[in-house]
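Content type mmCIF, C-alpha atoms, from the file input_18.cif:
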```cif
data_entry
#
loop_
_atom_site.label_atom_id
_atom_site.label_comp_id
_atom_site.auth_asym_id
_atom_site.auth_seq_id
_atom_site.Cartn_x
_atom_site.Cartn_y
_atom_site.Cartn_z
CA MET A 1422 78.25 -72.30 -41.69
CA VAL A 1423 75.40 -72.18 -44.16
CA SER A 1424 76.12 -73.59 -47.60
CA ILE A 1425 74.27 -72.42 -50.66
CA ASP A 1426 74.16 -74.68 -53.71
CA ALA A 1427 73.94 -73.60 -57.34
CA THR A 1428 70.17 -74.12 -57.54
CA GLU A 1429 69.59 -71.89 -54.53
CA LEU A 1430 71.90 -69.24 -56.01
CA GLN A 1431 69.97 -69.36 -59.27
CA LEU A 1432 66.72 -69.01 -57.32
CA MET A 1433 68.10 -66.08 -55.34
CA ASN A 1434 69.23 -64.38 -58.55
CA SER A 1435 65.85 -64.95 -60.12
CA TYR A 1436 64.33 -62.94 -57.25
CA ALA A 1437 67.10 -60.36 -57.04
CA LEU A 1438 67.35 -59.46 -60.72
CA PRO A 1439 63.77 -58.43 -61.27
CA ARG A 1440 64.00 -56.26 -58.15
CA GLN A 1441 67.20 -54.63 -59.46
CA ALA A 1442 65.69 -54.31 -62.90
CA LEU A 1443 62.61 -52.66 -61.40
CA LEU A 1444 64.77 -50.21 -59.49
CA VAL A 1445 66.82 -49.41 -62.61
CA ARG A 1446 63.61 -48.98 -64.62
CA ALA A 1447 62.16 -46.73 -61.96
CA VAL A 1448 65.30 -44.55 -61.90
CA VAL A 1449 65.46 -44.43 -65.71
CA GLY A 1450 61.74 -43.63 -65.81
CA VAL A 1451 62.10 -40.73 -63.41
CA VAL A 1452 65.15 -39.39 -65.29
CA MET A 1453 63.33 -39.70 -68.63
CA PHE A 1454 60.24 -38.04 -67.19
CA LEU A 1455 62.26 -35.14 -65.83
CA GLY A 1456 64.20 -34.96 -69.08
CA ALA A 1457 61.03 -34.95 -71.15
CA ALA A 1458 59.54 -32.36 -68.86
CA TRP A 1459 60.16 -28.82 -69.92
CA PRO A 1460 61.40 -27.07 -66.87
CA VAL A 1461 60.37 -23.48 -66.63
CA HIS A 1462 61.29 -20.75 -64.22
CA ALA A 1463 60.09 -20.92 -60.68
CA GLN A 1464 57.90 -18.15 -59.43
CA GLU A 1465 59.05 -16.04 -56.55
CA ASN A 1466 62.37 -14.38 -55.95
CA TYR A 1467 62.20 -14.86 -52.19
CA LEU A 1468 62.68 -17.61 -49.64
CA VAL A 1469 60.27 -16.48 -46.94
CA THR A 1470 58.11 -13.76 -48.46
CA TYR A 1471 55.34 -14.59 -50.93
CA SER A 1472 54.50 -12.43 -53.91
CA HIS A 1473 51.25 -12.55 -55.88
CA GLU A 1474 52.77 -14.79 -58.52
CA MET A 1475 50.92 -18.05 -58.71
CA GLU A 1476 51.99 -21.39 -60.10
CA GLU A 1477 50.94 -21.73 -63.72
CA PRO A 1478 47.93 -24.01 -64.07
CA GLY A 1479 48.94 -27.63 -64.62
CA ASN A 1480 52.57 -27.06 -63.61
CA LEU A 1481 54.24 -28.80 -60.70
CA GLU A 1482 57.21 -27.29 -58.93
CA ILE A 1483 59.33 -29.51 -56.77
CA ALA A 1484 61.63 -27.61 -54.45
CA ALA A 1485 63.88 -28.20 -51.49
CA LYS A 1486 63.88 -25.19 -49.18
CA ASN A 1487 66.73 -25.50 -46.74
CA VAL A 1488 67.90 -23.52 -43.77
CA THR A 1489 70.98 -24.06 -41.71
CA GLY A 1490 72.19 -22.39 -38.55
CA ALA A 1491 74.41 -22.88 -35.54
CA PRO A 1492 72.64 -21.38 -32.53
CA LYS A 1493 74.85 -20.10 -29.73
CA SER A 1494 75.10 -22.76 -26.99
CA GLY A 1495 73.28 -25.21 -29.23
CA ASN A 1496 73.91 -27.70 -32.00
CA ALA A 1497 74.15 -26.84 -35.66
CA PHE A 1498 71.19 -27.97 -37.75
CA VAL A 1499 70.00 -28.27 -41.32
CA ALA A 1500 66.27 -28.32 -41.95
CA THR A 1501 64.59 -29.06 -45.25
CA ALA A 1502 61.07 -28.45 -46.41
CA LEU A 1503 60.42 -30.49 -49.53
CA GLU A 1504 57.79 -28.61 -51.46
CA PHE A 1505 55.34 -29.82 -54.10
CA GLU A 1506 53.55 -26.83 -55.57
CA TYR A 1507 50.79 -27.33 -58.10
CA GLY A 1508 48.90 -24.77 -60.12
CA ALA A 1509 45.30 -25.97 -59.81
CA LYS A 1510 43.90 -22.85 -61.52
CA THR A 1511 45.35 -19.53 -62.58
CA TRP A 1512 43.94 -18.12 -59.34
CA TRP A 1513 44.57 -21.10 -57.04
CA THR A 1514 47.89 -22.68 -56.10
CA THR A 1515 48.10 -25.58 -53.69
CA GLU A 1516 51.25 -26.90 -52.00
CA LEU A 1517 52.32 -29.79 -49.86
CA TYR A 1518 55.43 -29.52 -47.70
CA LEU A 1519 57.22 -32.40 -46.05
CA ASP A 1520 59.54 -31.17 -43.32
CA GLY A 1521 62.59 -32.79 -41.83
CA GLN A 1522 65.77 -31.79 -40.09
CA THR A 1523 69.06 -33.05 -38.83
CA THR A 1524 70.80 -31.65 -35.75
CA ALA A 1525 74.46 -32.35 -35.04
CA GLY A 1526 74.93 -34.68 -32.11
CA GLU A 1527 71.20 -35.40 -31.91
CA SER A 1528 69.20 -37.01 -34.70
CA THR A 1529 67.67 -36.76 -38.14
CA LEU A 1530 63.93 -36.85 -38.24
CA PHE A 1531 60.79 -36.18 -40.20
CA THR A 1532 59.01 -33.34 -38.47
CA GLY A 1533 55.63 -33.18 -40.19
CA PHE A 1534 53.70 -31.81 -43.13
CA ARG A 1535 51.99 -28.63 -44.21
CA TRP A 1536 49.25 -28.11 -46.76
CA GLU A 1537 48.88 -24.60 -48.03
CA ASN A 1538 46.59 -22.89 -50.50
CA ARG A 1539 46.88 -19.51 -52.11
CA VAL A 1540 43.93 -17.86 -53.80
CA ARG A 1541 44.04 -14.69 -55.84
CA PRO A 1542 40.66 -12.98 -55.47
CA LEU A 1543 41.19 -10.21 -58.04
CA LEU A 1544 41.84 -11.63 -61.46
CA ARG A 1545 43.33 -8.53 -63.06
CA GLU A 1546 46.66 -6.95 -62.34
CA HIS A 1547 46.42 -3.92 -60.06
CA TRP A 1548 48.94 -1.57 -58.53
CA ILE A 1549 48.70 -3.76 -55.44
CA ASN A 1550 47.53 -7.35 -55.71
CA PRO A 1551 46.10 -9.27 -52.76
CA VAL A 1552 46.43 -13.03 -52.35
CA LEU A 1553 44.75 -14.98 -49.55
CA TYR A 1554 46.76 -17.77 -48.04
CA PHE A 1555 45.58 -20.47 -45.71
CA GLU A 1556 47.56 -23.39 -44.39
CA PHE A 1557 47.15 -26.36 -42.12
CA GLU A 1558 50.28 -27.73 -40.56
CA ASP A 1559 50.81 -30.85 -38.52
CA ILE A 1560 54.35 -30.67 -37.26
CA ASN A 1561 56.16 -31.55 -34.06
CA GLY A 1562 58.29 -29.51 -31.71
CA ALA A 1563 61.49 -30.51 -33.47
CA ASP A 1564 60.56 -28.70 -36.68
CA LYS A 1565 63.21 -26.16 -37.68
CA ALA A 1566 62.14 -25.35 -41.22
CA LEU A 1567 61.54 -21.72 -40.16
CA LEU A 1568 59.31 -21.05 -43.13
CA GLU A 1569 58.00 -18.09 -41.19
CA ILE A 1570 58.67 -16.42 -37.86
CA VAL A 1571 55.63 -15.57 -35.74
CA GLY A 1572 54.71 -14.60 -32.20
CA HIS A 1573 57.63 -14.80 -29.83
CA ASP A 1574 59.64 -17.34 -31.84
CA ARG A 1575 63.21 -16.90 -30.68
CA ARG A 1576 66.71 -18.36 -30.67
CA GLU A 1577 66.04 -20.47 -27.57
CA ASP A 1578 63.45 -22.50 -29.53
CA LEU A 1579 66.33 -23.90 -31.58
CA LEU A 1580 68.14 -25.15 -28.48
CA THR A 1581 65.50 -27.69 -27.43
CA ARG A 1582 66.68 -31.25 -28.01
CA ASN A 1583 64.98 -33.10 -30.86
CA SER A 1584 61.72 -34.54 -29.67
CA ARG A 1585 58.57 -35.61 -31.43
CA ASN A 1586 56.51 -35.28 -28.26
CA GLU A 1587 55.19 -31.77 -28.78
CA LYS A 1588 52.51 -31.75 -31.48
CA GLN A 1589 51.74 -28.52 -33.28
CA ARG A 1590 48.55 -28.64 -35.30
CA GLU A 1591 48.26 -25.12 -36.57
CA ALA A 1592 46.21 -23.01 -38.90
CA GLU A 1593 47.96 -20.16 -40.59
CA LEU A 1594 46.49 -17.26 -42.51
CA LYS A 1595 48.39 -14.75 -44.57
CA LEU A 1596 47.39 -11.66 -46.42
CA ILE A 1597 49.85 -11.29 -49.26
CA LEU A 1598 50.08 -7.89 -50.94
CA SER A 1599 52.35 -7.54 -53.90
CA SER A 1600 53.13 -5.09 -56.68
CA ASN A 1601 55.19 -5.19 -59.84
CA PHE A 1602 56.51 -1.82 -60.90
CA ARG A 1603 59.21 -1.04 -63.45
CA GLY A 1604 60.84 -4.43 -63.08
CA TRP A 1605 60.66 -4.38 -59.29
CA ASN A 1606 58.53 -6.64 -57.18
CA ILE A 1607 57.58 -5.40 -53.74
CA SER A 1608 55.72 -7.80 -51.47
CA GLU A 1609 54.32 -7.60 -47.96
CA ASN A 1610 52.91 -10.55 -46.00
CA MET A 1611 50.88 -10.28 -42.83
CA ILE A 1612 50.75 -13.55 -40.93
CA ALA A 1613 48.36 -14.90 -38.28
CA GLU A 1614 48.94 -18.37 -36.88
CA LYS A 1615 46.96 -20.39 -34.35
CA ASN A 1616 47.84 -23.58 -32.59
CA LEU A 1617 44.51 -25.42 -32.82
CA ASN A 1618 44.94 -27.06 -29.44
CA ALA A 1619 46.09 -24.12 -27.35
CA ASP A 1620 47.92 -20.79 -27.38
CA PRO A 1621 46.55 -17.51 -28.64
CA TRP A 1622 46.81 -16.25 -32.21
CA GLU A 1623 50.38 -15.31 -33.07
CA PHE A 1624 51.35 -12.70 -35.61
CA GLY A 1625 54.27 -12.06 -37.91
CA TYR A 1626 55.32 -10.31 -41.08
CA ALA A 1627 57.58 -10.72 -44.08
CA ILE A 1628 58.48 -8.05 -46.61
CA GLY A 1629 60.65 -8.22 -49.69
CA ALA A 1630 61.78 -6.33 -52.76
CA SER A 1631 63.49 -7.84 -55.78
CA ARG A 1632 64.47 -7.03 -59.32
CA SER A 1633 65.88 -8.90 -62.27
CA LEU A 1634 69.42 -7.81 -63.14
CA ALA A 1635 68.30 -6.96 -66.69
CA LEU A 1636 64.85 -5.93 -67.80
CA ALA A 1637 65.21 -6.84 -71.46
CA ALA A 1638 66.20 -10.32 -72.62
CA SER A 1639 69.27 -10.81 -74.76
CA ALA A 1640 68.81 -12.31 -78.19
CA ARG A 1641 71.29 -15.15 -77.74
CA PRO A 1642 70.71 -18.23 -75.63
CA CYS A 1643 72.78 -18.04 -72.46
CA ARG A 1644 72.87 -19.29 -68.93
CA PHE A 1645 74.72 -16.40 -67.36
CA CYS A 1646 72.82 -13.53 -68.99
CA PRO A 1647 71.83 -10.92 -66.41
CA GLU A 1648 68.11 -11.47 -67.07
CA ASN A 1649 68.49 -14.95 -65.55
CA PHE A 1650 69.52 -13.45 -62.21
CA ALA A 1651 67.44 -11.58 -59.69
CA LEU A 1652 68.60 -9.74 -56.61
CA GLY A 1653 66.44 -8.92 -53.69
CA VAL A 1654 66.25 -8.31 -50.00
CA GLU A 1655 63.77 -9.60 -47.46
CA MET A 1656 63.02 -9.02 -43.82
CA TYR A 1657 60.75 -11.06 -41.59
CA GLY A 1658 59.93 -11.53 -37.95
CA GLY A 1659 57.35 -11.95 -35.21
CA LEU A 1660 54.85 -9.43 -33.90
CA GLY A 1661 53.83 -11.09 -30.66
CA ASP A 1662 50.47 -12.66 -30.01
CA ARG A 1663 46.90 -11.70 -29.19
CA ASP A 1664 47.72 -11.19 -25.53
CA SER A 1665 50.95 -9.26 -26.07
CA PHE A 1666 51.01 -7.75 -29.54
CA GLY A 1667 54.14 -5.81 -30.46
CA LEU A 1668 57.87 -6.09 -30.85
CA PRO A 1669 59.06 -6.95 -27.30
CA GLY A 1670 60.42 -10.49 -27.10
CA THR A 1671 60.25 -11.08 -30.85
CA SER A 1672 62.99 -12.01 -33.32
CA HIS A 1673 63.70 -10.48 -36.73
CA TYR A 1674 65.92 -11.30 -39.68
CA LEU A 1675 67.21 -9.45 -42.72
CA GLY A 1676 69.06 -10.75 -45.72
CA PRO A 1677 69.77 -10.42 -49.41
CA VAL A 1678 68.41 -13.03 -51.83
CA VAL A 1679 70.12 -14.07 -55.04
CA THR A 1680 68.17 -16.11 -57.59
CA TRP A 1681 69.56 -17.82 -60.66
CA ASN A 1682 67.00 -19.18 -63.09
CA ILE A 1683 68.91 -21.56 -65.31
CA PRO A 1684 67.18 -21.65 -68.70
CA ARG A 1685 65.46 -25.02 -69.16
CA GLY A 1686 66.91 -26.08 -65.85
CA PRO A 1687 66.42 -25.63 -62.15
CA SER A 1688 66.33 -22.41 -60.18
CA LEU A 1689 68.81 -21.80 -57.41
CA ARG A 1690 68.31 -19.32 -54.61
CA LEU A 1691 70.64 -18.29 -51.78
CA SER A 1692 70.05 -16.01 -48.85
CA PRO A 1693 72.32 -15.32 -45.87
CA ASN A 1694 70.10 -13.94 -43.08
CA LEU A 1695 71.30 -11.87 -40.16
CA GLY A 1696 69.47 -11.87 -36.86
CA LEU A 1697 68.58 -8.28 -35.97
CA ASN A 1698 68.28 -8.52 -32.20
CA SER A 1699 69.30 -10.64 -29.25
CA ASN A 1700 66.22 -12.85 -29.59
CA SER A 1701 67.24 -13.85 -33.11
CA ASN A 1702 69.73 -16.49 -34.10
CA GLY A 1703 72.89 -14.63 -35.15
CA PHE A 1704 73.02 -16.09 -38.65
CA LEU A 1705 70.87 -18.35 -40.78
CA PHE A 1706 71.73 -19.47 -44.27
CA ARG A 1707 68.86 -20.32 -46.55
CA PHE A 1708 69.23 -22.06 -49.90
CA MET A 1709 66.76 -23.57 -52.28
CA ILE A 1710 66.75 -25.56 -55.46
CA SER A 1711 63.57 -25.91 -57.44
CA TYR A 1712 62.56 -27.62 -60.63
CA GLU A 1713 59.33 -26.93 -62.39
CA ILE A 1714 57.61 -29.49 -64.59
CA ASP A 1715 55.12 -27.99 -66.97
CA GLN A 1716 51.74 -29.61 -67.58
CA VAL A 1717 52.60 -32.54 -65.39
CA PHE A 1718 49.40 -34.52 -65.80
CA SER A 1719 49.46 -34.18 -69.59
CA LYS A 1720 52.97 -35.62 -69.53
CA LEU A 1721 51.94 -38.47 -67.28
CA GLY A 1722 49.18 -39.26 -69.75
CA ARG A 1723 51.61 -39.19 -72.63
CA HIS A 1724 54.16 -41.44 -70.90
CA PRO A 1725 52.08 -44.15 -69.26
CA MET B 540 36.01 -23.83 -28.88
CA SER B 541 38.88 -21.77 -30.25
CA SER B 542 39.86 -24.53 -32.69
CA ARG B 543 36.27 -24.63 -33.99
CA TRP B 544 36.41 -20.87 -34.43
CA ALA B 545 39.68 -21.15 -36.35
CA ALA B 546 38.28 -23.89 -38.61
CA CYS B 547 35.17 -21.76 -39.34
CA ALA B 548 37.36 -18.74 -40.14
CA LEU B 549 39.47 -20.82 -42.51
CA ALA B 550 36.43 -22.31 -44.28
CA THR B 551 34.77 -18.89 -44.64
CA LEU B 552 37.93 -17.36 -46.00
CA ALA B 553 38.37 -20.17 -48.51
CA LEU B 554 34.76 -20.03 -49.66
CA THR B 555 34.77 -16.24 -50.05
CA ALA B 556 37.98 -16.33 -52.01
CA MET B 557 36.72 -19.05 -54.31
CA LEU B 558 33.42 -17.26 -54.94
CA PHE B 559 35.31 -14.10 -55.87
CA ALA B 560 37.60 -16.01 -58.15
CA ALA B 561 34.84 -18.08 -59.72
CA ALA B 562 33.11 -14.88 -60.80
CA GLY B 563 35.74 -14.70 -63.55
CA ASP B 564 36.09 -12.03 -66.18
CA GLY B 565 34.61 -11.77 -69.64
CA GLU B 566 36.05 -11.74 -73.12
CA TRP B 567 39.35 -10.04 -72.69
CA PHE B 568 39.39 -8.13 -75.98
CA LYS B 569 36.33 -6.13 -75.02
CA LYS B 570 37.76 -5.22 -71.65
CA VAL B 571 40.97 -3.58 -72.79
CA PRO B 572 40.82 0.11 -71.84
CA ALA B 573 41.27 2.53 -74.75
CA LYS B 574 44.53 3.96 -73.42
CA ASP B 575 46.02 0.46 -73.13
CA ARG B 576 44.76 -0.48 -76.59
CA ALA B 577 46.57 2.53 -78.05
CA ARG B 578 49.97 1.79 -76.52
CA THR B 579 52.81 1.35 -78.97
CA ASN B 580 55.55 -1.24 -78.78
CA PRO B 581 58.92 0.40 -78.00
CA TYR B 582 60.65 -2.76 -79.29
CA ALA B 583 58.78 -2.94 -82.61
CA ALA B 584 61.80 -1.76 -84.59
CA ASP B 585 64.45 -3.44 -82.42
CA ALA B 586 66.41 -5.88 -84.59
CA ASP B 587 67.13 -8.20 -81.66
CA ALA B 588 63.62 -8.22 -80.24
CA PRO B 589 62.18 -11.11 -82.34
CA ALA B 590 65.06 -13.41 -81.29
CA ALA B 591 64.83 -12.31 -77.66
CA GLY B 592 61.05 -12.74 -77.80
CA ALA B 593 61.44 -16.22 -79.28
CA LYS B 594 63.67 -17.14 -76.36
CA ILE B 595 61.09 -15.86 -73.87
CA PHE B 596 58.37 -17.70 -75.76
CA ALA B 597 60.32 -20.97 -75.62
CA GLU B 598 60.90 -20.54 -71.90
CA HIS B 599 57.43 -19.51 -70.77
CA CYS B 600 54.81 -20.00 -73.47
CA ALA B 601 55.75 -23.02 -75.59
CA SER B 602 54.63 -25.53 -72.99
CA CYS B 603 51.00 -24.49 -73.57
CA HIS B 604 50.96 -22.92 -77.03
CA GLY B 605 53.39 -25.38 -78.65
CA GLU B 606 56.98 -24.80 -79.71
CA ASP B 607 55.76 -23.56 -83.10
CA ALA B 608 53.01 -21.44 -81.47
CA GLN B 609 50.38 -23.41 -83.38
CA GLY B 610 48.37 -24.09 -80.25
CA LYS B 611 47.64 -27.32 -78.42
CA THR B 612 44.89 -29.34 -76.89
CA GLN B 613 45.69 -30.28 -73.30
CA GLY B 614 42.99 -32.40 -71.77
CA LYS B 615 39.81 -30.39 -72.09
CA HIS B 616 41.68 -27.13 -72.72
CA ASN B 617 42.39 -25.71 -76.15
CA ARG B 618 45.46 -23.50 -76.09
CA PRO B 619 45.08 -20.92 -78.87
CA ASN B 620 47.07 -20.86 -82.09
CA LEU B 621 49.12 -17.68 -82.01
CA HIS B 622 49.37 -17.53 -85.80
CA ALA B 623 45.63 -16.84 -85.84
CA ASP B 624 44.13 -13.69 -87.37
CA ARG B 625 42.89 -12.63 -83.94
CA VAL B 626 46.47 -12.27 -82.76
CA LYS B 627 47.65 -10.67 -86.01
CA GLN B 628 44.85 -8.10 -85.87
CA ALA B 629 45.28 -7.30 -82.18
CA THR B 630 47.16 -4.09 -81.46
CA PRO B 631 50.44 -4.40 -79.54
CA GLY B 632 48.70 -2.58 -76.69
CA GLU B 633 45.95 -5.20 -76.54
CA LEU B 634 48.47 -8.03 -76.46
CA PHE B 635 50.47 -6.24 -73.78
CA TRP B 636 47.31 -5.86 -71.71
CA LEU B 637 46.56 -9.57 -72.11
CA LEU B 638 50.08 -10.59 -71.11
CA THR B 639 49.91 -8.30 -68.08
CA ASN B 640 46.47 -9.34 -66.84
CA GLY B 641 46.09 -12.81 -68.28
CA SER B 642 42.73 -14.29 -69.07
CA GLN B 643 42.44 -16.17 -65.84
CA LYS B 644 39.03 -17.63 -66.54
CA ASN B 645 40.44 -19.26 -69.66
CA GLY B 646 43.60 -20.57 -68.04
CA MET B 647 45.96 -17.85 -69.28
CA PRO B 648 48.04 -16.64 -66.33
CA SER B 649 49.24 -13.11 -65.80
CA TRP B 650 52.81 -12.54 -66.97
CA SER B 651 53.28 -9.35 -65.01
CA ARG B 652 56.30 -10.95 -63.40
CA LEU B 653 58.14 -10.51 -66.69
CA PRO B 654 59.50 -6.97 -66.92
CA ASP B 655 57.70 -4.67 -69.39
CA ALA B 656 60.63 -4.85 -71.81
CA GLN B 657 60.40 -8.65 -72.04
CA ARG B 658 56.64 -8.54 -72.62
CA TRP B 659 57.18 -6.09 -75.48
CA GLN B 660 59.94 -8.30 -76.92
CA LEU B 661 57.54 -11.21 -76.79
CA ILE B 662 54.92 -9.19 -78.66
CA THR B 663 57.48 -8.30 -81.33
CA TYR B 664 58.11 -12.03 -81.76
CA LEU B 665 54.38 -12.82 -81.91
CA LYS B 666 53.88 -10.13 -84.54
CA SER B 667 56.73 -11.64 -86.59
CA LEU B 668 55.03 -15.04 -86.80
CA PRO B 669 53.92 -15.92 -90.35
#
```

Would you put the structure from the file into structure tokens?
Amino acid sequence: MVSIDATELQLMNSYALPRQALLVRAVVGVVMFLGAAWPVHAQENYLVTYSHEMEEPGNLEIAAKNVTGAPKSGNAFVATALEFEYGAKTWWTTELYLDGQTTAGESTLFTGFRWENRVRPLLREHWINPVLYFEFEDINGADKALLEIVGHDRREDLLTRNSRNEKQREAELKLILSSNFRGWNISENMIAEKNLNADPWEFGYAIGASRSLALAASARPCRFCPENFALGVEMYGGLGDRDSFGLPGTSHYLGPVVTWNIPRGPSLRLSPNLGLNSNSNGFLFRFMISYEIDQVFSKLGRHP
Amino acid sequence: MSSRWAACALATLALTAMLFAAAGDGEWFKKVPAKDRARTNPYAADADAPAAGAKIFAEHCASCHGEDAQGKTQGKHNRPNLHADRVKQATPGELFWLLTNGSQKNGMPSWSRLPDAQRWQLITYLKSLP
């Protein structure tokens, strides 16, 4: 039995309190920072497809992109890609993703990171607007974020038991084409991905269309006004690889997307996805919450 | 070998894109096509448009231009005062063109993601500023 006298208790408290106080201060600081930040609407109305909308310069969007599924003959999983998206310039957006997942009956693990950049080469608005996308990802075989489907990605990939052994250092290129017309956004993404260690180039696609529920804003402040909601649909899938380009052995998904941009608050996005063939997982549910902090470095300077 | 090829492709793509983007565009006023300049604001006489435009301004524009639209200095960037004569004298069509295309070289993003109606409501609000 270890006895602790009053002096020792006092000493322990003198160490413990500053640590608690620091933690409280840190939490209060973060809350105050987020409170002082002026959240603005997030950009896209999709969960997989990219449009030509870039992050506003100086703004930081923090988002959790989640996907959950229960593959047949496998364990249910939830995967999260925590996204930090920064508008470096009007024409350049850079993002860091931290991926993780938890699989029922297996484990919860960090599965790697991705660094992506999007560059808009044409500075004016055209009837179709190209954006060039390039990404480096360093993830392991357990990653289930499913941010895109390429090559011969299929349902069986989700059945492998969690393991960090397989390393996937990949480069990914996308050509994003997007148009805004009469309140509609129509976007098409062509994807090429290469495992830098092995495997041929793999290809995929994502397409989407979305529209705000109201084109004109109402005069009164409101959270549930139709202009705060957008409805869309997106479809994505693989297109084989360099050696076997085409649809055989590929998986495809289709689903509606509902977005709710809460004024001066976060954006919420939901999308139930249906697998379109036997290679696809029957059902995936995607959901995302994002919070955009405007002029983040100015704010950091103002609140040292 | 293939990884070196992929790295080269990535670097070339990045460099090309940045060179294109760095070329920038000029003074936006001079670049507005005549037919865009002449466009009229369908929400100019709408009684609700200034309030709706103010709401859009607060949501999307105030962070840079200030809640009172008086402009701001953010680091090395000067965000313009929207009460200025330049804005008052601009035609609705010119402002609509600017909102649609942005002035990317000067840090003004494109607002084409806002539906046309909301951009016109915003212009009605800007034109109502004292």

>> Once the PyMOL selection byres ((chain B and resi 641-643) around 8) has been evaluated on this model, what residues remain selected, and can you format them as a PyMOL selection string?
In response: (chain A and resi 1511-1512+1544-1545) or (chain B and resi 563-564+567+636-640+644-650)

For the residues in the current selection, export C-alpha atoms as a PDB file, in the coordinates of the input.
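To be explicit, this is the file written out as result20.pdb:
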```pdb
ATOM      1  CA  THR A1511      45.350 -19.530 -62.580  1.00  0.00           C
ATOM      2  CA  TRP A1512      43.940 -18.120 -59.340  1.00  0.00           C
ATOM      3  CA  LEU A1544      41.840 -11.630 -61.460  1.00  0.00           C
ATOM      4  CA  ARG A1545      43.330  -8.530 -63.060  1.00  0.00           C
TER       5      ARG A1545
ATOM      6  CA  GLY B 563      35.740 -14.700 -63.550  1.00  0.00           C
ATOM      7  CA  ASP B 564      36.090 -12.030 -66.180  1.00  0.00           C
ATOM      8  CA  TRP B 567      39.350 -10.040 -72.690  1.00  0.00           C
ATOM      9  CA  TRP B 636      47.310  -5.860 -71.710  1.00  0.00           C
ATOM     10  CA  LEU B 637      46.560  -9.570 -72.110  1.00  0.00           C
ATOM     11  CA  LEU B 638      50.080 -10.590 -71.110  1.00  0.00           C
ATOM     12  CA  THR B 639      49.910  -8.300 -68.080  1.00  0.00           C
ATOM     13  CA  ASN B 640      46.470  -9.340 -66.840  1.00  0.00           C
ATOM     14  CA  LYS B 644      39.030 -17.630 -66.540  1.00  0.00           C
ATOM     15  CA  ASN B 645      40.440 -19.260 -69.660  1.00  0.00           C
ATOM     16  CA  GLY B 646      43.600 -20.570 -68.040  1.00  0.00           C
ATOM     17  CA  MET B 647      45.960 -17.850 -69.280  1.00  0.00           C
ATOM     18  CA  PRO B 648      48.040 -16.640 -66.330  1.00  0.00           C
ATOM     19  CA  SER B 649      49.240 -13.110 -65.800  1.00  0.00           C
ATOM     20  CA  TRP B 650      52.810 -12.540 -66.970  1.00  0.00           C
TER      21      TRP B 650
END
```

>> Contacts from chain A to chain B, 7 Å maximum, all atoms listed in the file: show me the residue list as a ChimeraX atom specification.
In response: /A:1461,1477-1478,1510-1512,1540-1546,1555,1601,1603-1604,1617-1618,1636-1640,1685,1715,1719

> So how many Å separate CA of Thr1581 in chain A and CA of Tyr1471 in chain A, to one decimal?
Replying inline: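 Going from CA of Thr1581 in chain A over to CA of Tyr1471 in chain A, I get 28.8 Å.
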
> Selected by the PyMOL selection byres ((chain A and resi 1600) around 7) in the shown coordinates: which residues, as a PyMOL selection string?
Replying inline: chain A and resi 1548-1550+1599+1601-1602+1606-1608

> What residues come out when you apply the PyMOL selection byres ((chain A and resi 1662) around 7) to this file, written as number ranges by chain?
Replying inline: A: 1572, 1621-1624, 1660-1661, 1663-1666

> Between CA of Gly1533 in chain A and CA of Ala1509 in chain A, what is the spacing in Å?
Replying inline: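 Between CA of Ala1509 in chain A and CA of Gly1533 in chain A the gap is 23.3 Å.
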
>> When you count only C-alpha atoms, which of these residues is closest to Thr663 in chain B: B:Ala608, B:Arg576, B:Asn620, B:Pro581?
In response: B:Pro581

> What is the CA of Glu1587 in chain A-CA of Leu1553 in chain A distance in Å, reported with one decimal?
Replying inline: 28.7 Å

> Ile1612 in chain A: which residues within 9 Å, counting only C-alpha atoms, same-chain residues fewer than 5 positions away excluded, as JSON, numbers by chain?
Replying inline: {"A": [1569, 1570, 1571, 1593, 1594, 1595, 1596, 1597, 1623, 1624, 1625, 1626, 1627, 1659]}

> Which is closer to Glu1527 in chain A than all the others in A:Ala1502, A:Cys1643, A:Leu1634, A:Ala1563, using all atoms listed in the file?
Replying inline: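 Of A:Ala1502, A:Cys1643, A:Leu1634, A:Ala1563, the one nearest Glu1527 in chain A, counting all atoms listed in the file, is A:Ala1563.
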
> Once you count all atoms listed in the file, which residues end up no further than 12 Å from (45.9, -19.8, -86.3) in the file's frame, shown as a list of chain:residue names?
Replying inline: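 Within the cut-off we find B:His604, B:Asp607, B:Ala608, B:Gln609, B:Gly610, B:Lys611, B:Arg618, B:Pro619, B:Asn620, B:Leu621, B:His622, B:Ala623, B:Asp624, B:Arg625, B:Val626, B:Lys627, B:Gln628, B:Leu665, B:Leu668, B:Pro669.
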
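Of the residues listed (A:Val1552, A:Val1488, A:Ala1500, A:Met1611), A:Ala1500 shows the shortest atom-to-atom separation from Gly1521 in chain A; distances use all atoms listed in the file.
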
> Using all atoms listed in the file, can you list as a list in words the residues within 12 Å of (40.8, 1.0, -75.6)?
Replying inline: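 Collected hits near the coordinates: Trp567, Phe568, Lys569, Lys570, Val571, Pro572, Ala573, Lys574, Asp575, Arg576, Ala577, Arg578, Ala629, Thr630, Pro631, Gly632, Glu633, Leu634 and Trp636 of chain B.
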
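In terms of minimum interatomic distance to Glu1504 in chain A, A:Tyr1712 ranks closest within A:Trp1681, A:Tyr1657, A:Phe1645, A:Tyr1712, counting only C-alpha atoms.
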
Could you name the residues that touch Phe1498 in chain A at 7 Å or less, counting all atoms listed in the file, but leaving out those on the same chain fewer than 6 positions away, as a compact mmCIF listing (two decimals) with C-alpha atoms, in the coordinates of the input?
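Result file is around.txt:
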```txt
# COMPACT_ATOMS: atom_id res chain seq x y z
CA THR A 1489 70.98 -24.06 -41.71
CA GLY A 1490 72.19 -22.39 -38.55
CA ALA A 1491 74.41 -22.88 -35.54
CA THR A 1523 69.06 -33.05 -38.83
CA THR A 1524 70.80 -31.65 -35.75
CA ALA A 1525 74.46 -32.35 -35.04
```
